[in-house]
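Text of upload-v9.txt (compact mmCIF, C-alpha atoms) as supplied:
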```txt
# COMPACT_ATOMS: atom_id res chain seq x y z
CA MET A 1 103.29 116.76 123.64
CA PHE A 2 100.90 114.03 122.70
CA ALA A 3 102.06 111.89 119.79
CA LYS A 4 100.59 108.76 118.32
CA LYS A 5 101.49 106.37 115.57
CA ILE A 6 99.77 107.09 112.29
CA LEU A 7 100.11 105.72 108.81
CA THR A 8 102.46 107.42 106.41
CA GLY A 9 100.89 110.49 104.80
CA ALA A 10 98.43 109.76 102.04
CA VAL A 11 99.27 106.05 101.90
CA ALA A 12 97.27 105.54 105.08
CA ALA A 13 94.49 103.91 103.08
CA LEU A 14 94.57 102.17 99.73
CA LEU A 15 91.40 101.35 97.90
CA VAL A 16 90.94 98.40 95.55
CA LEU A 17 88.50 99.57 92.89
CA PRO A 18 85.43 97.45 92.10
CA MET A 19 86.66 94.00 91.15
CA ALA A 20 86.03 90.49 92.39
CA GLY A 21 86.59 90.45 96.14
CA CYS A 22 87.21 94.21 96.45
CA SER A 23 88.45 95.38 99.84
CA LEU A 24 89.82 98.30 101.76
CA PHE A 25 93.16 97.80 103.49
CA SER A 26 95.98 99.74 105.04
CA THR A 27 99.72 99.55 104.75
CA PRO A 28 101.39 98.16 107.91
CA ASP A 29 104.22 100.71 107.67
CA THR A 30 103.76 103.28 110.49
CA HIS A 31 105.84 106.26 111.55
CA GLU A 32 105.94 108.48 114.60
CA PRO A 33 104.80 112.04 113.81
CA ALA A 34 107.41 114.66 114.62
CA GLU A 35 106.99 116.71 117.79
CA LEU A 36 106.39 120.39 117.11
CA GLN A 37 109.59 122.35 117.76
CA ASP A 38 110.10 125.77 119.30
CA PHE A 39 110.52 128.59 116.81
CA LYS A 40 111.03 132.34 116.72
CA GLU A 41 107.64 133.97 116.29
CA LEU A 42 107.88 136.76 113.72
CA VAL A 43 104.17 137.29 112.98
CA ALA A 44 100.96 136.39 114.79
CA ALA A 45 98.62 133.64 113.56
CA LYS A 46 95.05 134.50 114.51
CA VAL A 47 91.78 132.56 114.27
CA SER A 48 89.38 135.39 113.39
CA TRP A 49 86.16 133.36 113.66
CA THR A 50 84.86 129.78 113.75
CA ALA A 51 81.61 127.99 112.92
CA ASP A 52 80.42 124.43 113.51
CA VAL A 53 78.96 122.65 110.46
CA GLY A 54 79.13 119.02 111.56
CA GLU A 55 81.55 116.14 111.16
CA ASN A 56 82.69 114.88 107.78
CA SER A 57 85.10 112.49 106.10
CA GLY A 58 87.75 115.18 105.78
CA TYR A 59 87.33 115.62 102.03
CA LEU A 60 84.67 118.37 102.14
CA VAL A 61 86.02 121.78 101.14
CA PRO A 62 84.68 125.25 102.03
CA VAL A 63 84.26 127.72 99.16
CA VAL A 64 84.34 131.50 99.28
CA THR A 65 82.50 134.01 97.10
CA GLU A 66 82.42 137.80 97.27
CA ASN A 67 79.89 137.86 100.09
CA ALA A 68 79.60 134.32 101.44
CA VAL A 69 81.41 131.26 102.76
CA TYR A 70 79.68 127.97 101.90
CA ALA A 71 80.44 124.76 103.78
CA ALA A 72 78.86 121.35 104.21
CA GLY A 73 78.87 118.83 107.02
CA GLU A 74 76.92 115.67 107.82
CA ASP A 75 73.68 116.17 105.82
CA ARG A 76 73.55 119.98 105.74
CA LEU A 77 74.74 122.82 103.55
CA TYR A 78 75.50 126.18 105.19
CA ARG A 79 76.01 129.76 104.12
CA LEU A 80 78.23 131.69 106.54
CA ASP A 81 78.79 135.43 106.86
CA PRO A 82 82.45 135.89 105.84
CA THR A 83 82.92 138.80 108.28
CA ASN A 84 82.08 136.87 111.45
CA GLY A 85 81.24 133.24 110.60
CA GLN A 86 77.58 133.56 111.62
CA LYS A 87 75.17 131.17 109.87
CA VAL A 88 73.01 132.98 107.32
CA TRP A 89 71.05 129.86 106.38
CA GLU A 90 71.25 126.08 106.38
CA VAL A 91 69.46 123.47 104.29
CA GLU A 92 69.12 119.72 104.65
CA ALA A 93 70.48 117.68 101.75
CA GLY A 94 69.00 114.44 100.46
CA GLY A 95 71.56 112.33 102.34
CA ARG A 96 74.91 112.49 104.07
CA ILE A 97 77.17 114.80 102.06
CA THR A 98 80.29 113.08 100.70
CA ALA A 99 81.60 115.66 98.22
CA GLY A 100 81.39 119.43 97.89
CA VAL A 101 81.01 122.28 97.90
CA GLY A 102 81.35 123.41 94.27
CA THR A 103 80.17 126.86 93.18
CA ASP A 104 80.26 129.49 90.46
CA GLY A 105 79.05 132.12 92.92
CA MET A 106 75.40 131.73 91.97
CA HIS A 107 74.87 127.95 92.17
CA LEU A 108 76.06 125.35 94.69
CA ALA A 109 76.64 121.66 94.03
CA LEU A 110 77.28 118.71 96.31
CA VAL A 111 77.08 114.91 96.24
CA THR A 112 75.35 112.68 98.80
CA ASP A 113 75.96 109.11 99.93
CA LYS A 114 72.94 108.11 97.85
CA GLY A 115 75.08 108.63 94.76
CA GLU A 116 73.29 111.79 93.63
CA VAL A 117 74.49 115.27 92.73
CA GLU A 118 72.32 118.08 94.13
CA VAL A 119 72.29 121.71 93.04
CA TYR A 120 71.04 124.76 95.01
CA ASP A 121 70.99 128.48 94.31
CA ALA A 122 72.99 131.00 96.35
CA GLU A 123 70.07 131.39 98.79
CA GLY A 124 69.86 127.66 99.49
CA ARG A 125 66.83 126.94 97.31
CA PHE A 126 66.89 123.42 95.84
CA GLN A 127 67.17 123.37 92.04
CA TRP A 128 67.60 119.77 90.90
CA HIS A 129 69.27 116.43 91.56
CA ALA A 130 70.55 113.67 89.29
CA PRO A 131 71.83 110.11 89.81
CA LEU A 132 75.53 109.30 89.34
CA SER A 133 77.17 106.10 88.15
CA ALA A 134 79.08 105.72 91.44
CA LYS A 135 79.79 107.54 94.69
CA THR A 136 82.49 110.17 95.02
CA GLN A 137 84.46 112.37 97.41
CA VAL A 138 85.53 114.78 94.66
CA ALA A 139 83.80 118.18 94.84
CA PRO A 140 81.71 119.02 91.76
CA LEU A 141 83.09 121.64 89.38
CA VAL A 142 80.58 124.38 88.60
CA GLY A 143 80.78 126.90 85.75
CA GLN A 144 80.46 127.39 81.99
CA ASN A 145 76.78 126.40 82.39
CA LEU A 146 77.88 122.95 83.60
CA VAL A 147 78.11 120.88 86.76
CA VAL A 148 80.96 118.39 86.29
CA VAL A 149 81.31 115.39 88.61
CA LYS A 150 84.10 112.82 88.79
CA THR A 151 83.02 109.53 90.39
CA ALA A 152 84.89 106.60 91.92
CA ASP A 153 84.48 104.52 88.74
CA THR A 154 86.75 107.10 86.96
CA ARG A 155 83.79 108.52 84.99
CA ILE A 156 83.55 112.28 84.49
CA THR A 157 79.95 113.43 83.86
CA ALA A 158 78.71 116.91 82.93
CA PHE A 159 75.16 118.11 83.64
CA ASP A 160 73.40 121.22 82.40
CA LEU A 161 73.65 123.76 85.21
CA ILE A 162 70.06 124.97 84.85
CA THR A 163 68.08 121.85 83.89
CA GLY A 164 70.18 119.02 85.33
CA GLU A 165 70.10 117.18 82.01
CA ARG A 166 73.18 115.05 81.35
CA ARG A 167 75.25 116.69 78.62
CA TRP A 168 78.15 114.23 78.27
CA HIS A 169 80.36 111.76 80.05
CA TYR A 170 83.94 110.57 79.70
CA GLN A 171 85.00 107.13 80.92
CA GLY A 172 88.57 106.79 82.17
CA GLN A 173 90.55 103.61 82.80
CA ALA A 174 90.42 102.17 86.29
CA PRO A 175 93.70 100.70 87.61
CA ALA A 176 93.62 97.77 90.03
CA LEU A 177 94.62 99.99 92.95
CA THR A 178 94.26 103.70 93.64
CA LEU A 179 95.29 106.03 96.41
CA GLN A 180 92.62 107.28 98.79
CA ALA A 181 93.76 110.89 98.79
CA TYR A 182 92.14 114.27 98.23
CA ASN A 183 91.43 115.01 94.58
CA GLN A 184 89.73 117.92 92.83
CA LEU A 185 88.82 119.07 89.34
CA SER A 186 89.77 122.54 88.09
CA TRP A 187 89.16 124.88 85.18
CA SER A 188 91.85 125.76 82.67
CA PRO A 189 92.04 127.51 79.28
CA ALA A 190 91.68 124.02 77.75
CA GLY A 191 88.51 123.25 79.75
CA VAL A 192 88.15 120.75 82.62
CA LEU A 193 91.38 119.50 84.19
CA SER A 194 91.30 116.13 85.95
CA GLY A 195 94.19 114.27 87.57
CA GLN A 196 93.90 110.58 86.79
CA ALA A 197 94.80 107.44 88.74
CA ASN A 198 97.14 106.37 85.92
CA GLY A 199 99.52 109.28 86.48
CA ARG A 200 98.12 111.47 83.72
CA LEU A 201 96.55 114.92 83.62
CA LEU A 202 93.48 114.94 81.39
CA ALA A 203 91.93 118.05 79.84
CA LEU A 204 88.39 117.87 78.43
CA ASN A 205 86.72 120.64 76.46
CA LEU A 206 83.20 121.85 77.21
CA ASP A 207 81.80 119.07 74.99
CA GLY A 208 83.66 116.37 76.91
CA LYS A 209 86.25 115.73 74.20
CA PRO A 210 89.92 115.19 75.23
CA VAL A 211 92.16 118.18 74.49
CA PHE A 212 95.34 116.68 75.90
CA ASP A 213 96.46 113.83 78.14
CA ALA A 214 99.79 114.75 79.77
CA VAL A 215 102.07 112.33 81.63
CA ILE A 216 102.69 113.48 85.22
CA GLY A 217 104.19 110.21 86.47
CA GLN A 218 104.91 106.73 85.17
CA ALA A 219 104.36 103.54 87.17
CA LYS A 220 107.47 101.73 88.39
CA GLY A 221 108.08 98.58 90.38
CA ILE A 222 106.47 95.16 90.44
CA THR A 223 103.70 95.17 93.07
CA GLU A 224 100.47 97.14 92.70
CA VAL A 225 101.46 99.32 95.68
CA GLU A 226 104.83 100.12 94.12
CA ARG A 227 103.04 101.07 90.89
CA LEU A 228 100.62 103.55 92.49
CA ILE A 229 100.93 106.72 90.43
CA ASP A 230 97.79 108.77 91.19
CA VAL A 231 97.74 112.46 90.36
CA VAL A 232 96.81 114.02 93.70
CA GLY A 233 95.06 117.16 94.89
CA ARG A 234 93.91 119.96 92.63
CA PRO A 235 95.80 120.94 89.48
CA TRP A 236 97.11 124.50 89.75
CA VAL A 237 96.32 126.95 86.95
CA ASP A 238 97.11 130.65 86.61
CA GLN A 239 97.88 132.94 83.68
CA GLN A 240 101.35 131.45 83.13
CA LEU A 241 101.53 127.95 84.63
CA MET A 242 99.49 124.78 84.78
CA CYS A 243 100.95 122.35 87.35
CA ALA A 244 100.06 118.90 88.66
CA ALA A 245 101.76 116.39 90.95
CA ALA A 246 101.64 112.61 91.29
CA PHE A 247 102.32 110.25 94.18
CA GLN A 248 105.51 108.26 93.47
CA GLY A 249 105.83 110.49 90.42
CA GLN A 250 106.83 114.08 89.90
CA LEU A 251 105.71 117.68 89.85
CA VAL A 252 105.11 118.88 86.29
CA CYS A 253 104.51 122.49 85.23
CA MET A 254 103.40 123.50 81.72
CA ASN A 255 102.58 126.72 79.92
CA SER A 256 98.90 127.29 80.71
CA MET A 257 98.14 128.69 77.27
CA ASN A 258 99.77 126.14 74.95
CA GLY A 259 100.56 123.17 77.22
CA GLN A 260 104.28 123.28 76.44
CA LEU A 261 106.37 121.64 79.16
CA ALA A 262 108.09 124.21 81.38
CA TRP A 263 109.86 121.92 83.88
CA THR A 264 109.60 118.82 86.05
CA ALA A 265 110.82 118.03 89.57
CA GLU A 266 111.03 114.67 91.34
CA VAL A 267 108.79 114.55 94.44
CA ASP A 268 106.46 111.91 95.92
CA ALA A 269 103.56 114.32 96.27
CA VAL A 270 100.46 113.77 98.41
CA THR A 271 98.95 117.22 97.83
CA GLY A 272 98.33 119.25 94.74
CA PRO A 273 100.72 122.14 93.99
CA VAL A 274 100.11 125.77 94.95
CA ALA A 275 102.02 128.69 93.42
CA ASP A 276 102.68 132.36 94.03
CA SER A 277 104.67 134.84 91.95
CA GLN A 278 108.01 133.23 92.85
CA LEU A 279 107.58 129.63 93.98
CA VAL A 280 105.54 126.44 93.57
CA TYR A 281 104.80 124.55 96.81
CA VAL A 282 103.87 120.91 97.37
CA VAL A 283 103.87 118.38 100.24
CA ASP A 284 105.45 114.92 99.93
CA ASP A 285 104.58 111.58 101.54
CA GLN A 286 106.77 112.34 104.59
CA SER A 287 104.96 115.67 105.14
CA TYR A 288 108.00 117.63 103.97
CA VAL A 289 106.99 120.96 102.44
CA HIS A 290 108.90 121.68 99.21
CA ALA A 291 109.28 124.98 97.38
CA PHE A 292 110.43 125.10 93.75
CA ASN A 293 111.41 128.10 91.66
CA ARG A 294 108.46 128.61 89.32
CA ALA A 295 110.69 129.85 86.50
CA ASN A 296 112.96 126.77 86.25
CA GLY A 297 111.80 124.13 88.78
CA ARG A 298 114.94 124.24 90.91
CA GLU A 299 114.26 123.42 94.54
CA ALA A 300 114.44 126.56 96.67
CA TRP A 301 113.99 124.94 100.09
CA VAL A 302 112.51 122.00 102.01
CA ASN A 303 110.94 122.19 105.47
CA ARG A 304 111.17 118.87 107.36
CA ASP A 305 109.84 120.10 110.72
CA LEU A 306 106.40 118.49 110.28
CA GLN A 307 107.54 115.00 109.31
CA TYR A 308 104.70 112.45 109.23
CA ARG A 309 102.15 114.93 110.60
CA THR A 310 99.85 114.34 107.57
CA VAL A 311 100.13 117.89 106.32
CA SER A 312 97.45 119.50 104.13
CA ALA A 313 98.04 121.40 100.90
CA PRO A 314 99.92 124.71 101.31
CA ILE A 315 98.09 128.03 101.05
CA ARG A 316 99.13 131.68 101.21
CA ILE A 317 98.03 133.54 104.35
CA GLY A 318 99.19 137.15 104.24
CA ALA A 319 102.93 137.16 103.64
CA THR A 320 103.31 133.52 104.78
CA ILE A 321 102.82 130.04 103.35
CA ALA A 322 100.72 127.87 105.67
CA VAL A 323 99.86 124.21 106.14
CA ALA A 324 97.62 122.37 108.62
CA ASP A 325 98.12 118.92 110.18
CA TYR A 326 96.40 115.93 111.79
CA GLU A 327 96.16 117.65 115.18
CA GLY A 328 94.71 120.85 113.79
CA TYR A 329 97.88 122.91 114.08
CA ILE A 330 98.25 125.55 111.37
CA THR A 331 101.90 126.35 110.78
CA MET A 332 102.99 129.49 108.95
CA MET A 333 106.35 129.63 107.19
CA ASN A 334 108.52 132.31 105.64
CA PRO A 335 108.05 131.67 101.88
CA SER A 336 111.60 132.80 101.11
CA ASN A 337 113.31 130.09 103.21
CA GLY A 338 110.66 127.80 104.73
CA GLN A 339 111.37 128.74 108.34
CA VAL A 340 108.44 128.46 110.78
CA ILE A 341 107.40 131.93 111.95
CA ALA A 342 103.89 131.47 113.45
CA ARG A 343 101.42 128.82 114.58
CA THR A 344 97.83 128.51 115.77
CA ARG A 345 95.33 125.67 116.18
CA VAL A 346 91.84 124.72 115.09
CA ASP A 347 89.57 122.00 116.43
CA GLY A 348 90.29 118.76 114.57
CA ALA A 349 92.43 117.36 111.78
CA VAL A 350 92.57 119.22 108.46
CA ARG A 351 92.76 116.96 105.41
CA ALA A 352 91.32 119.01 102.57
CA PRO A 353 92.77 122.25 101.16
CA ALA A 354 91.76 125.58 102.65
CA ALA A 355 89.97 128.28 100.64
CA GLN A 356 91.60 131.65 100.03
CA PHE A 357 89.69 134.61 101.47
CA GLY A 358 91.20 138.08 101.37
CA TYR A 359 94.56 137.99 103.12
CA GLY A 360 93.61 134.88 105.07
CA ALA A 361 92.23 131.38 104.48
CA VAL A 362 89.20 129.34 105.54
CA PHE A 363 89.97 125.85 106.88
CA GLN A 364 87.51 122.99 107.56
CA THR A 365 88.29 120.18 110.00
CA VAL A 366 87.01 116.61 110.16
CA ASP A 367 85.27 117.51 113.43
CA GLY A 368 83.20 120.13 111.63
CA GLU A 369 84.89 123.39 112.56
CA VAL A 370 85.19 126.02 109.86
CA ALA A 371 87.80 128.62 110.80
CA TYR A 372 89.02 131.83 109.21
CA VAL A 373 92.74 132.26 109.89
CA LEU A 374 94.74 135.46 109.43
CA GLN A 375 98.35 136.60 109.76
CA GLU A 376 98.79 139.73 111.85
CA PRO A 377 101.74 141.76 113.18
CA LEU A 378 103.08 140.83 116.58
CA GLU A 379 101.84 142.97 119.44
CA ASP A 380 104.45 145.07 121.19
```

Please re-express this file's structure in structure tokens.
Amino acid sequence: MFAKKILTGAVAALLVLPMAGCSLFSTPDTHEPAELQDFKELVAAKVSWTADVGENSGYLVPVVTENAVYAAGEDRLYRLDPTNGQKVWEVEAGGRITAGVGTDGMHLALVTDKGEVEVYDAEGRFQWHAPLSAKTQVAPLVGQNLVVVKTADTRITAFDLITGERRWHYQGQAPALTLQAYNQLSWSPAGVLSGQANGRLLALNLDGKPVFDAVIGQAKGITEVERLIDVVGRPWVDQQLMCAAAFQGQLVCMNSMNGQLAWTAEVDAVTGPVADSQLVYVVDDQSYVHAFNRANGREAWVNRDLQYRTVSAPIRIGATIAVADYEGYITMMNPSNGQVIARTRVDGAVRAPAAQFGYGAVFQTVDGEVAYVLQEPLED
């Protein structure tokens, strides 16, 4: 099987934030991705449908509503029929799309390379646009009559969903060095949750005021690289738990109602956590998939089969837990023990999280393929 040298997980690119002589550079430390191993197939992994929406940076995420799948690529926004992937409509944005799609089911938001947020209705009709203080690859958060955007200068800005008027902004602290990894805002009972580049999880209420600022990881070491402590991925929130993970930090889970610490676990995460009724899953910088008991944080299992394959955030597909990798392979595992039980492939690397849809998930690749993947019984 083809294998090539790639940079370690999410540390493939490190970005110096705007300072004198800013630059983009890569770590010289490379590792050989693991070859995919044979396994006993216990279920079937099926690609139900695919659609082409155009190439992207890998940080664009599809979103699913009751009757639509929305996806963006290049300079276009698409609505897809969730039953077959057929394009219902497409609209041209005001520039190349760098972040999106965010939705509340009735409005869609994205960000272009011109540093503007654009909002459309569910039928693709343009509503408004507004300038941002910097560019971003973080999908806008839509809801509560707001469009909330986090930009590369660590500013979080909220706009009125209907008028586009700026309602408030919050300015975070910018460290000298941050990780170029997928990041996403999320809603919580406290308001807007945002993982910060200083290893903290920030909650802002609907007026932009801080509700809490929880430590997810603390910087260690001497060099700027050693002290990278970014909170990565999307914070996980359900009725019981609120969890976040930091690179070179830890996985922290709190009570979602009162913020009381539930447990912590040491892991160098490169994806945000995902939970089900029993376990919390996260991927580390070696592409190991970890599962922790959601009641007490004890590690239930670790799958090391996909080492250095730049694995995406886990997602539930049917009765399995699935991840995708840099070659487009989607690997399904038994959630009780982490054993590989099925595999399929899509066209291109998957870097951003998939979107849950029914008993399956919708993945988007850097080459522009949107694919709906299901788990089915094996044929006799």

Expressed in Å to a single decimal, how great is the separation between atom CA of A:Gly249 and atom CA of A:Pro62?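 For atom CA of A:Gly249 relative to atom CA of A:Pro62, the distance reads 28.3 Å.
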
Atom pair atom CA of A:Trp168 / atom CA of A:Gly272: separation (Å): 26.5 Å

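Between atom CA of A:Gly124 and atom CA of A:Gly358 there is a distance of 23.8 Å.
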
Check the smallest atom-to-atom distance from each of A:Ala313, A:Leu378, A:Val119, A:Val373 to A:Ile341 using all atoms listed in the file, then report the winner. A:Leu378

I want to know what sits within 9 Å of stretch 64-68 of chain A, based on all atoms listed in the file, with residues of the same chain fewer than 6 positions away left out; could you give that as a list in words? Arg79, Leu80, Asp81, Pro82, Thr83, Val88, Thr103, Asp104, Gly105, Ala122, Ala355, Gln356, Phe357 and Val362 of chain A

Shell of 6 Å around stretch 33-39 of chain A, only C-alpha atoms, local chain residues under 3 positions omitted, as a ChimeraX atom specification: /A:306-309

Env of A:Gln171: 8 Å cut, atoms = only C-alpha atoms, seq-sep filter 2 positions within chain, self excluded. Answer as a PyMOL selection string. chain A and resi 154-156+169+173

Kindly indicate which residue among A:Tyr288, A:Arg298, A:Gly100, A:Phe363 lies nearest to A:Ala324, using only C-alpha atoms for the distances. A:Phe363

Let me have the centre and edge lengths of the axis-aligned box enclosing all listed atoms of stretch 353-357 of chain A with 6 Å padding on every side, in Å to one decimal, as JSON.
```
{"center_x": 91.2, "center_y": 128.4, "center_z": 101.3, "size_x": 15.1, "size_y": 24.4, "size_z": 14.6}
```

Proximity to A:Val232 - best of A:Thr98, A:Gln260, A:Ser194, A:Asn334, all atoms listed in the file: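 Checking each of A:Thr98, A:Gln260, A:Ser194, A:Asn334 against A:Val232, counting all atoms listed in the file, the winner is A:Ser194.
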